[in-house]
file my_file_7.csv (CSV, N, CA and C atoms)
chain,number,residue,atom,x,y,z
A,1171,MET,N,27.3,-2.1,5.5
A,1171,MET,CA,26.2,-1.6,4.7
A,1171,MET,C,25.5,-0.5,5.4
A,1172,ALA,N,25.2,0.7,4.8
A,1172,ALA,CA,24.5,1.8,5.4
A,1172,ALA,C,23.2,2.0,4.8
A,1173,VAL,N,22.3,2.5,5.5
A,1173,VAL,CA,21.0,2.9,5.0
A,1173,VAL,C,21.0,4.4,5.0
A,1174,ASN,N,20.8,5.1,3.9
A,1174,ASN,CA,20.8,6.5,3.8
A,1174,ASN,C,19.5,7.0,3.4
A,1175,TYR,N,19.0,8.0,4.1
A,1175,TYR,CA,17.7,8.6,3.8
A,1175,TYR,C,18.0,10.0,3.1
A,1176,VAL,N,17.4,10.2,1.9
A,1176,VAL,CA,17.5,11.5,1.2
A,1176,VAL,C,16.1,11.9,0.8
A,1177,CYS,N,16.0,13.2,0.6
A,1177,CYS,CA,14.7,13.8,0.1
A,1177,CYS,C,14.6,13.5,-1.4
A,1178,ARG,N,13.5,13.0,-1.8
A,1178,ARG,CA,13.4,12.7,-3.2
A,1178,ARG,C,13.3,13.9,-4.1
A,1179,HIS,N,13.0,15.1,-3.5
A,1179,HIS,CA,12.8,16.3,-4.3
A,1179,HIS,C,14.1,17.2,-4.3
A,1180,CYS,N,14.6,17.5,-3.1
A,1180,CYS,CA,15.7,18.4,-3.1
A,1180,CYS,C,17.1,17.7,-2.9
A,1181,GLN,N,17.1,16.4,-2.7
A,1181,GLN,CA,18.3,15.5,-2.6
A,1181,GLN,C,19.0,15.8,-1.3
A,1182,MET,N,18.4,16.5,-0.3
A,1182,MET,CA,19.0,16.8,1.0
A,1182,MET,C,19.2,15.5,1.8
A,1183,PRO,N,20.4,15.2,2.3
A,1183,PRO,CA,20.6,14.0,3.2
A,1183,PRO,C,19.8,14.2,4.5
A,1184,LEU,N,19.0,13.2,4.9
A,1184,LEU,CA,18.2,13.4,6.0
A,1184,LEU,C,18.7,12.5,7.2
A,1185,GLY,N,19.5,11.5,6.9
A,1185,GLY,CA,20.0,10.7,8.0
A,1185,GLY,C,20.6,9.4,7.4
A,1186,SER,N,21.4,8.7,8.2
A,1186,SER,CA,22.1,7.5,7.8
A,1186,SER,C,22.4,6.7,9.0
A,1187,PHE,N,22.4,5.4,8.9
A,1187,PHE,CA,22.8,4.5,9.9
A,1187,PHE,C,23.3,3.2,9.3
A,1188,GLN,N,24.0,2.4,10.1
A,1188,GLN,CA,24.5,1.1,9.6
A,1188,GLN,C,23.3,0.2,9.7
A,1189,ALA,N,23.1,-0.6,8.7
A,1189,ALA,CA,22.0,-1.5,8.5
A,1189,ALA,C,21.9,-2.6,9.7
A,1190,PHE,N,23.0,-3.0,10.2
A,1190,PHE,CA,23.0,-4.0,11.3
A,1190,PHE,C,22.4,-3.4,12.5
A,1191,GLU,N,22.2,-2.1,12.6
A,1191,GLU,CA,21.6,-1.5,13.8
A,1191,GLU,C,20.1,-1.7,13.9
A,1192,VAL,N,19.4,-1.7,12.8
A,1192,VAL,CA,18.0,-1.8,12.8
A,1192,VAL,C,17.6,-2.8,11.6
A,1193,PRO,N,16.8,-3.8,11.9
A,1193,PRO,CA,16.3,-4.7,10.9
A,1193,PRO,C,15.3,-4.0,10.0
A,1194,GLU,N,15.1,-4.5,8.8
A,1194,GLU,CA,14.2,-3.8,7.8
A,1194,GLU,C,12.8,-3.8,8.3
A,1195,TYR,N,12.3,-4.8,9.0
A,1195,TYR,CA,11.0,-4.8,9.4
A,1195,TYR,C,10.7,-3.7,10.4
A,1196,LYS,N,11.7,-3.3,11.2
A,1196,LYS,CA,11.5,-2.2,12.2
A,1196,LYS,C,11.4,-0.9,11.5
A,1197,LEU,N,11.9,-0.8,10.2
A,1197,LEU,CA,11.8,0.5,9.5
A,1197,LEU,C,10.5,0.6,8.8
A,1198,GLY,N,9.7,-0.5,8.7
A,1198,GLY,CA,8.4,-0.5,8.1
A,1198,GLY,C,8.5,-0.7,6.6
A,1199,LEU,N,9.7,-1.0,6.0
A,1199,LEU,CA,9.9,-1.1,4.6
A,1199,LEU,C,9.2,-2.4,4.0
A,1200,HIS,N,8.9,-3.3,4.9
A,1200,HIS,CA,8.3,-4.6,4.4
A,1200,HIS,C,6.8,-4.3,4.1
A,1201,PHE,N,6.2,-3.2,4.5
A,1201,PHE,CA,4.8,-2.9,4.2
A,1201,PHE,C,4.7,-2.3,2.8
A,1202,LEU,N,5.8,-2.0,2.2
A,1202,LEU,CA,5.7,-1.4,0.8
A,1202,LEU,C,5.4,-2.4,-0.2
A,1203,THR,N,4.6,-2.0,-1.2
A,1203,THR,CA,4.3,-2.9,-2.3
A,1203,THR,C,5.6,-3.0,-3.2
A,1204,PRO,N,5.6,-4.0,-4.1
A,1204,PRO,CA,6.8,-4.0,-5.0
A,1204,PRO,C,7.0,-2.8,-5.8
A,1205,GLU,N,5.9,-2.1,-6.2
A,1205,GLU,CA,6.0,-0.9,-7.0
A,1205,GLU,C,6.6,0.2,-6.2
A,1206,GLU,N,6.1,0.3,-4.9
A,1206,GLU,CA,6.6,1.4,-4.0
A,1206,GLU,C,8.0,1.1,-3.7
A,1207,ARG,N,8.4,-0.1,-3.5
A,1207,ARG,CA,9.8,-0.4,-3.2
A,1207,ARG,C,10.8,0.1,-4.3
A,1208,LYS,N,10.3,-0.2,-5.6
A,1208,LYS,CA,11.1,0.2,-6.7
A,1208,LYS,C,11.3,1.7,-6.8
A,1209,ARG,N,10.2,2.5,-6.4
A,1209,ARG,CA,10.2,3.9,-6.5
A,1209,ARG,C,11.0,4.6,-5.3
A,1210,ILE,N,11.0,3.9,-4.1
A,1210,ILE,CA,11.5,4.6,-2.9
A,1210,ILE,C,12.9,4.1,-2.5
A,1211,ILE,N,13.2,2.8,-2.8
A,1211,ILE,CA,14.4,2.2,-2.3
A,1211,ILE,C,15.3,1.9,-3.5
A,1212,ALA,N,16.6,2.3,-3.3
A,1212,ALA,CA,17.6,2.1,-4.3
A,1212,ALA,C,18.8,1.3,-3.6
A,1213,TYR,N,19.2,0.2,-4.3
A,1213,TYR,CA,20.3,-0.6,-3.8
A,1213,TYR,C,21.5,-0.2,-4.5
A,1214,ASN,N,22.5,0.3,-3.9
A,1214,ASN,CA,23.8,0.8,-4.5
A,1214,ASN,C,24.7,-0.4,-4.7
A,1215,SER,N,25.7,-0.2,-5.6
A,1215,SER,CA,26.6,-1.3,-5.9
A,1215,SER,C,27.6,-1.6,-4.8
A,1216,ASN,N,27.8,-0.6,-3.9
A,1216,ASN,CA,28.7,-0.9,-2.7
A,1216,ASN,C,27.9,-1.5,-1.5
A,1217,GLY,N,26.6,-1.9,-1.7
A,1217,GLY,CA,25.9,-2.5,-0.7
A,1217,GLY,C,25.0,-1.6,0.1
A,1218,ASP,N,25.2,-0.3,0.0
A,1218,ASP,CA,24.4,0.7,0.7
A,1218,ASP,C,23.0,0.7,0.1
A,1219,VAL,N,22.0,1.2,0.9
A,1219,VAL,CA,20.7,1.3,0.5
A,1219,VAL,C,20.3,2.8,0.7
A,1220,THR,N,19.6,3.3,-0.4
A,1220,THR,CA,19.2,4.7,-0.3
A,1220,THR,C,17.6,4.7,-0.3
A,1221,VAL,N,17.1,5.3,0.7
A,1221,VAL,CA,15.6,5.4,0.8
A,1221,VAL,C,15.2,6.9,0.5
A,1222,ARG,N,14.4,7.0,-0.5
A,1222,ARG,CA,14.0,8.4,-0.9
A,1222,ARG,C,12.6,8.7,-0.3
A,1223,VAL,N,12.7,9.7,0.6
A,1223,VAL,CA,11.5,10.2,1.3
A,1223,VAL,C,11.3,11.7,1.0
A,1224,ILE,N,10.4,12.3,1.7
A,1224,ILE,CA,10.2,13.8,1.5
A,1224,ILE,C,10.6,14.5,2.8
A,1225,CYS,N,11.5,15.5,2.7
A,1225,CYS,CA,11.8,16.3,3.9
A,1225,CYS,C,10.7,17.2,4.3
A,1226,GLU,N,10.8,17.8,5.4
A,1226,GLU,CA,9.8,18.6,6.0
A,1226,GLU,C,9.6,19.9,5.1
A,1227,TYR,N,10.7,20.5,4.6
A,1227,TYR,CA,10.6,21.7,3.8
A,1227,TYR,C,9.8,21.4,2.5
A,1228,CYS,N,10.1,20.3,1.8
A,1228,CYS,CA,9.5,20.0,0.6
A,1228,CYS,C,8.0,19.6,0.8
A,1229,SER,N,7.8,18.9,1.9
A,1229,SER,CA,6.4,18.5,2.2
A,1229,SER,C,5.5,19.7,2.5
A,1230,GLN,N,6.0,20.7,3.2
A,1230,GLN,CA,5.3,21.9,3.5
A,1230,GLN,C,5.1,22.7,2.2
A,1231,THR,N,6.1,22.8,1.4
A,1231,THR,CA,6.0,23.5,0.1
A,1231,THR,C,4.9,22.9,-0.8
A,1232,LEU,N,4.9,21.6,-0.9
A,1232,LEU,CA,3.9,20.9,-1.7
A,1232,LEU,C,2.5,21.0,-1.2
A,1233,GLU,N,2.5,21.0,0.2
A,1233,GLU,CA,1.2,21.2,0.8
A,1233,GLU,C,0.6,22.6,0.5
A,1234,ASN,N,1.5,23.6,0.6
A,1234,ASN,CA,1.0,25.0,0.3
A,1234,ASN,C,0.9,25.3,-1.2
A,1235,HIS,N,1.5,24.5,-2.0
A,1235,HIS,CA,1.5,24.8,-3.5
A,1235,HIS,C,1.3,23.4,-4.2
A,1236,PRO,N,0.1,22.8,-4.1
A,1236,PRO,CA,-0.1,21.5,-4.7
A,1236,PRO,C,0.1,21.4,-6.2
A,1237,GLU,N,0.0,22.5,-6.9
A,1237,GLU,CA,0.2,22.5,-8.3
A,1237,GLU,C,1.7,22.1,-8.7
A,1238,LEU,N,2.6,22.3,-7.8
A,1238,LEU,CA,4.0,21.9,-8.0
A,1238,LEU,C,4.2,20.4,-8.2
A,1239,ALA,N,3.2,19.6,-7.7
A,1239,ALA,CA,3.3,18.2,-7.8
A,1239,ALA,C,3.1,17.7,-9.3
A,1240,LEU,N,2.6,18.6,-10.1
A,1240,LEU,CA,2.4,18.3,-11.5
A,1240,LEU,C,3.7,18.4,-12.3
A,1241,LEU,N,4.8,19.0,-11.8
A,1241,LEU,CA,6.1,19.1,-12.4
A,1241,LEU,C,6.9,17.9,-12.2
A,1242,SER,N,7.8,17.5,-13.1
A,1242,SER,CA,8.7,16.4,-12.9
A,1242,SER,C,9.7,16.6,-11.8
A,1243,ASN,N,10.2,17.8,-11.7
A,1243,ASN,CA,11.2,18.1,-10.6
A,1243,ASN,C,10.7,19.4,-9.9
A,1244,PRO,N,9.7,19.4,-9.1
A,1244,PRO,CA,9.1,20.6,-8.6
A,1244,PRO,C,10.0,21.4,-7.6
A,1245,LEU,N,10.9,20.8,-6.9
A,1245,LEU,CA,11.7,21.5,-5.9
A,1245,LEU,C,13.2,21.2,-6.0
A,1246,GLN,N,13.8,21.6,-7.1
A,1246,GLN,CA,15.2,21.3,-7.3
A,1246,GLN,C,16.0,22.2,-6.4

call {"tool": "encode", "arguments": {"input": "my_file_7.csv", "output": "structure tokens"}}
result
Amino acid sequence: MAVNYVCRHCQMPLGSFQAFEVPEYKLGLHFLTPEERKRIIAYNSNGDVTVRVICEYCSQTLENHPELALLSNPLQ
């Protein structure tokens, strides 16, 4: 089982590792509320986990242009 990190806006792969390397509590995922978990973490049928975060480029773009956050897909 792999844990894959991708940007929630541009879908750029940001990193991946095998789940047995790091337990979930070391990733800080246990601090998420159930609503945040549903929005951020996806469990794939093959057993992999996808964690949707924001890459540095998209983060800077949204910081410089906050009005883009009003769009459903601001940074395709």

call {"tool": "atom_distance", "arguments": {"input": "my_file_7.csv", "atom1": "CA of Thr1203 in chain A", "atom2": "atom N of Asn1234 in chain A"}}
result
26.8 Å

call {"tool": "select_by_dssp", "arguments": {"input": "my_file_7.csv", "residues": "chain A", "states": "strand (DSSP E)", "output": "ChimeraX atom specification"}}
result
/A:1172-1177,1183-1188,1211-1213,1219-1223

call {"tool": "atom_distance", "arguments": {"input": "my_file_7.csv", "atom1": "CA of Cys1180 in chain A", "atom2": "atom N of Arg1207 in chain A"}}
result
19.9 Å

call {"tool": "atom_distance", "arguments": {"input": "my_file_7.csv", "atom1": "CA of Asp1218 in chain A", "atom2": "CA of Glu1206 in chain A"}}
result
18.4 Å

call {"tool": "closest_residue", "arguments": {"input": "my_file_7.csv", "among": "A:Ile1210, A:Cys1228, A:His1200, A:Gly1217", "to": "Val1173 in chain A", "atoms": "all atoms listed in the file"}}
result
A:Gly1217

call {"tool": "closest_residue", "arguments": {"input": "my_file_7.csv", "among": "A:Ala1239, A:Leu1184, A:Val1176, A:Cys1225", "to": "Ala1212 in chain A", "atoms": "only C-alpha atoms"}}
result
A:Val1176

call {"tool": "residues_around", "arguments": {"input": "my_file_7.csv", "residues": "Gln1188 in chain A", "least_positions_apart": "4", "cutoff": "6.5 Å", "atoms": "all atoms listed in the file", "output": "PyMOL selection string"}}
result
chain A and resi 1171-1173+1192

call {"tool": "axis_aligned_box", "arguments": {"input": "my_file_7.csv", "around": "range 1194-1207 of chain A", "padding_each_side": "4 Å", "output": "AutoDock Vina command-line options"}}
result
--center_x 9.7 --center_y -1.7 --center_z 2.6 --size_x 18.8 --size_y 14.2 --size_z 27.2

call {"tool": "residues_around", "arguments": {"input": "my_file_7.csv", "residues": "Tyr1175 in chain A", "least_positions_apart": "5", "cutoff": "6 Å", "atoms": "all atoms listed in the file", "output": "PDB file with N, CA and C atoms, in the frame of the given file"}}
result
ATOM      1  N   MET A1182      18.400  16.500  -0.300  1.00  0.00           N
ATOM      2  CA  MET A1182      19.000  16.800   1.000  1.00  0.00           C
ATOM      3  C   MET A1182      19.200  15.500   1.800  1.00  0.00           C
ATOM      4  N   PRO A1183      20.400  15.200   2.300  1.00  0.00           N
ATOM      5  CA  PRO A1183      20.600  14.000   3.200  1.00  0.00           C
ATOM      6  C   PRO A1183      19.800  14.200   4.500  1.00  0.00           C
ATOM      7  N   LEU A1184      19.000  13.200   4.900  1.00  0.00           N
ATOM      8  CA  LEU A1184      18.200  13.400   6.000  1.00  0.00           C
ATOM      9  C   LEU A1184      18.700  12.500   7.200  1.00  0.00           C
ATOM     10  N   GLY A1185      19.500  11.500   6.900  1.00  0.00           N
ATOM     11  CA  GLY A1185      20.000  10.700   8.000  1.00  0.00           C
ATOM     12  C   GLY A1185      20.600   9.400   7.400  1.00  0.00           C
ATOM     13  N   SER A1186      21.400   8.700   8.200  1.00  0.00           N
ATOM     14  CA  SER A1186      22.100   7.500   7.800  1.00  0.00           C
ATOM     15  C   SER A1186      22.400   6.700   9.000  1.00  0.00           C
ATOM     16  N   THR A1220      19.600   3.300  -0.400  1.00  0.00           N
ATOM     17  CA  THR A1220      19.200   4.700  -0.300  1.00  0.00           C
ATOM     18  C   THR A1220      17.600   4.700  -0.300  1.00  0.00           C
ATOM     19  N   VAL A1221      17.100   5.300   0.700  1.00  0.00           N
ATOM     20  CA  VAL A1221      15.600   5.400   0.800  1.00  0.00           C
ATOM     21  C   VAL A1221      15.200   6.900   0.500  1.00  0.00           C
ATOM     22  N   ARG A1222      14.400   7.000  -0.500  1.00  0.00           N
ATOM     23  CA  ARG A1222      14.000   8.400  -0.900  1.00  0.00           C
ATOM     24  C   ARG A1222      12.600   8.700  -0.300  1.00  0.00           C
ATOM     25  N   VAL A1223      12.700   9.700   0.600  1.00  0.00           N
ATOM     26  CA  VAL A1223      11.500  10.200   1.300  1.00  0.00           C
ATOM     27  C   VAL A1223      11.300  11.700   1.000  1.00  0.00           C
TER      28      VAL A1223
END

call {"tool": "closest_residue", "arguments": {"input": "my_file_7.csv", "among": "A:Ile1211, A:Leu1232, A:Val1219, A:Leu1199", "to": "His1179 in chain A", "atoms": "only C-alpha atoms"}}
result
A:Leu1232

call {"tool": "select_by_dssp", "arguments": {"input": "my_file_7.csv", "residues": "range 1205-1236 of chain A", "states": "alpha helix (DSSP H)", "output": "VMD selection string"}}
result
chain A and resid 1205 to 1210 1226 to 1234
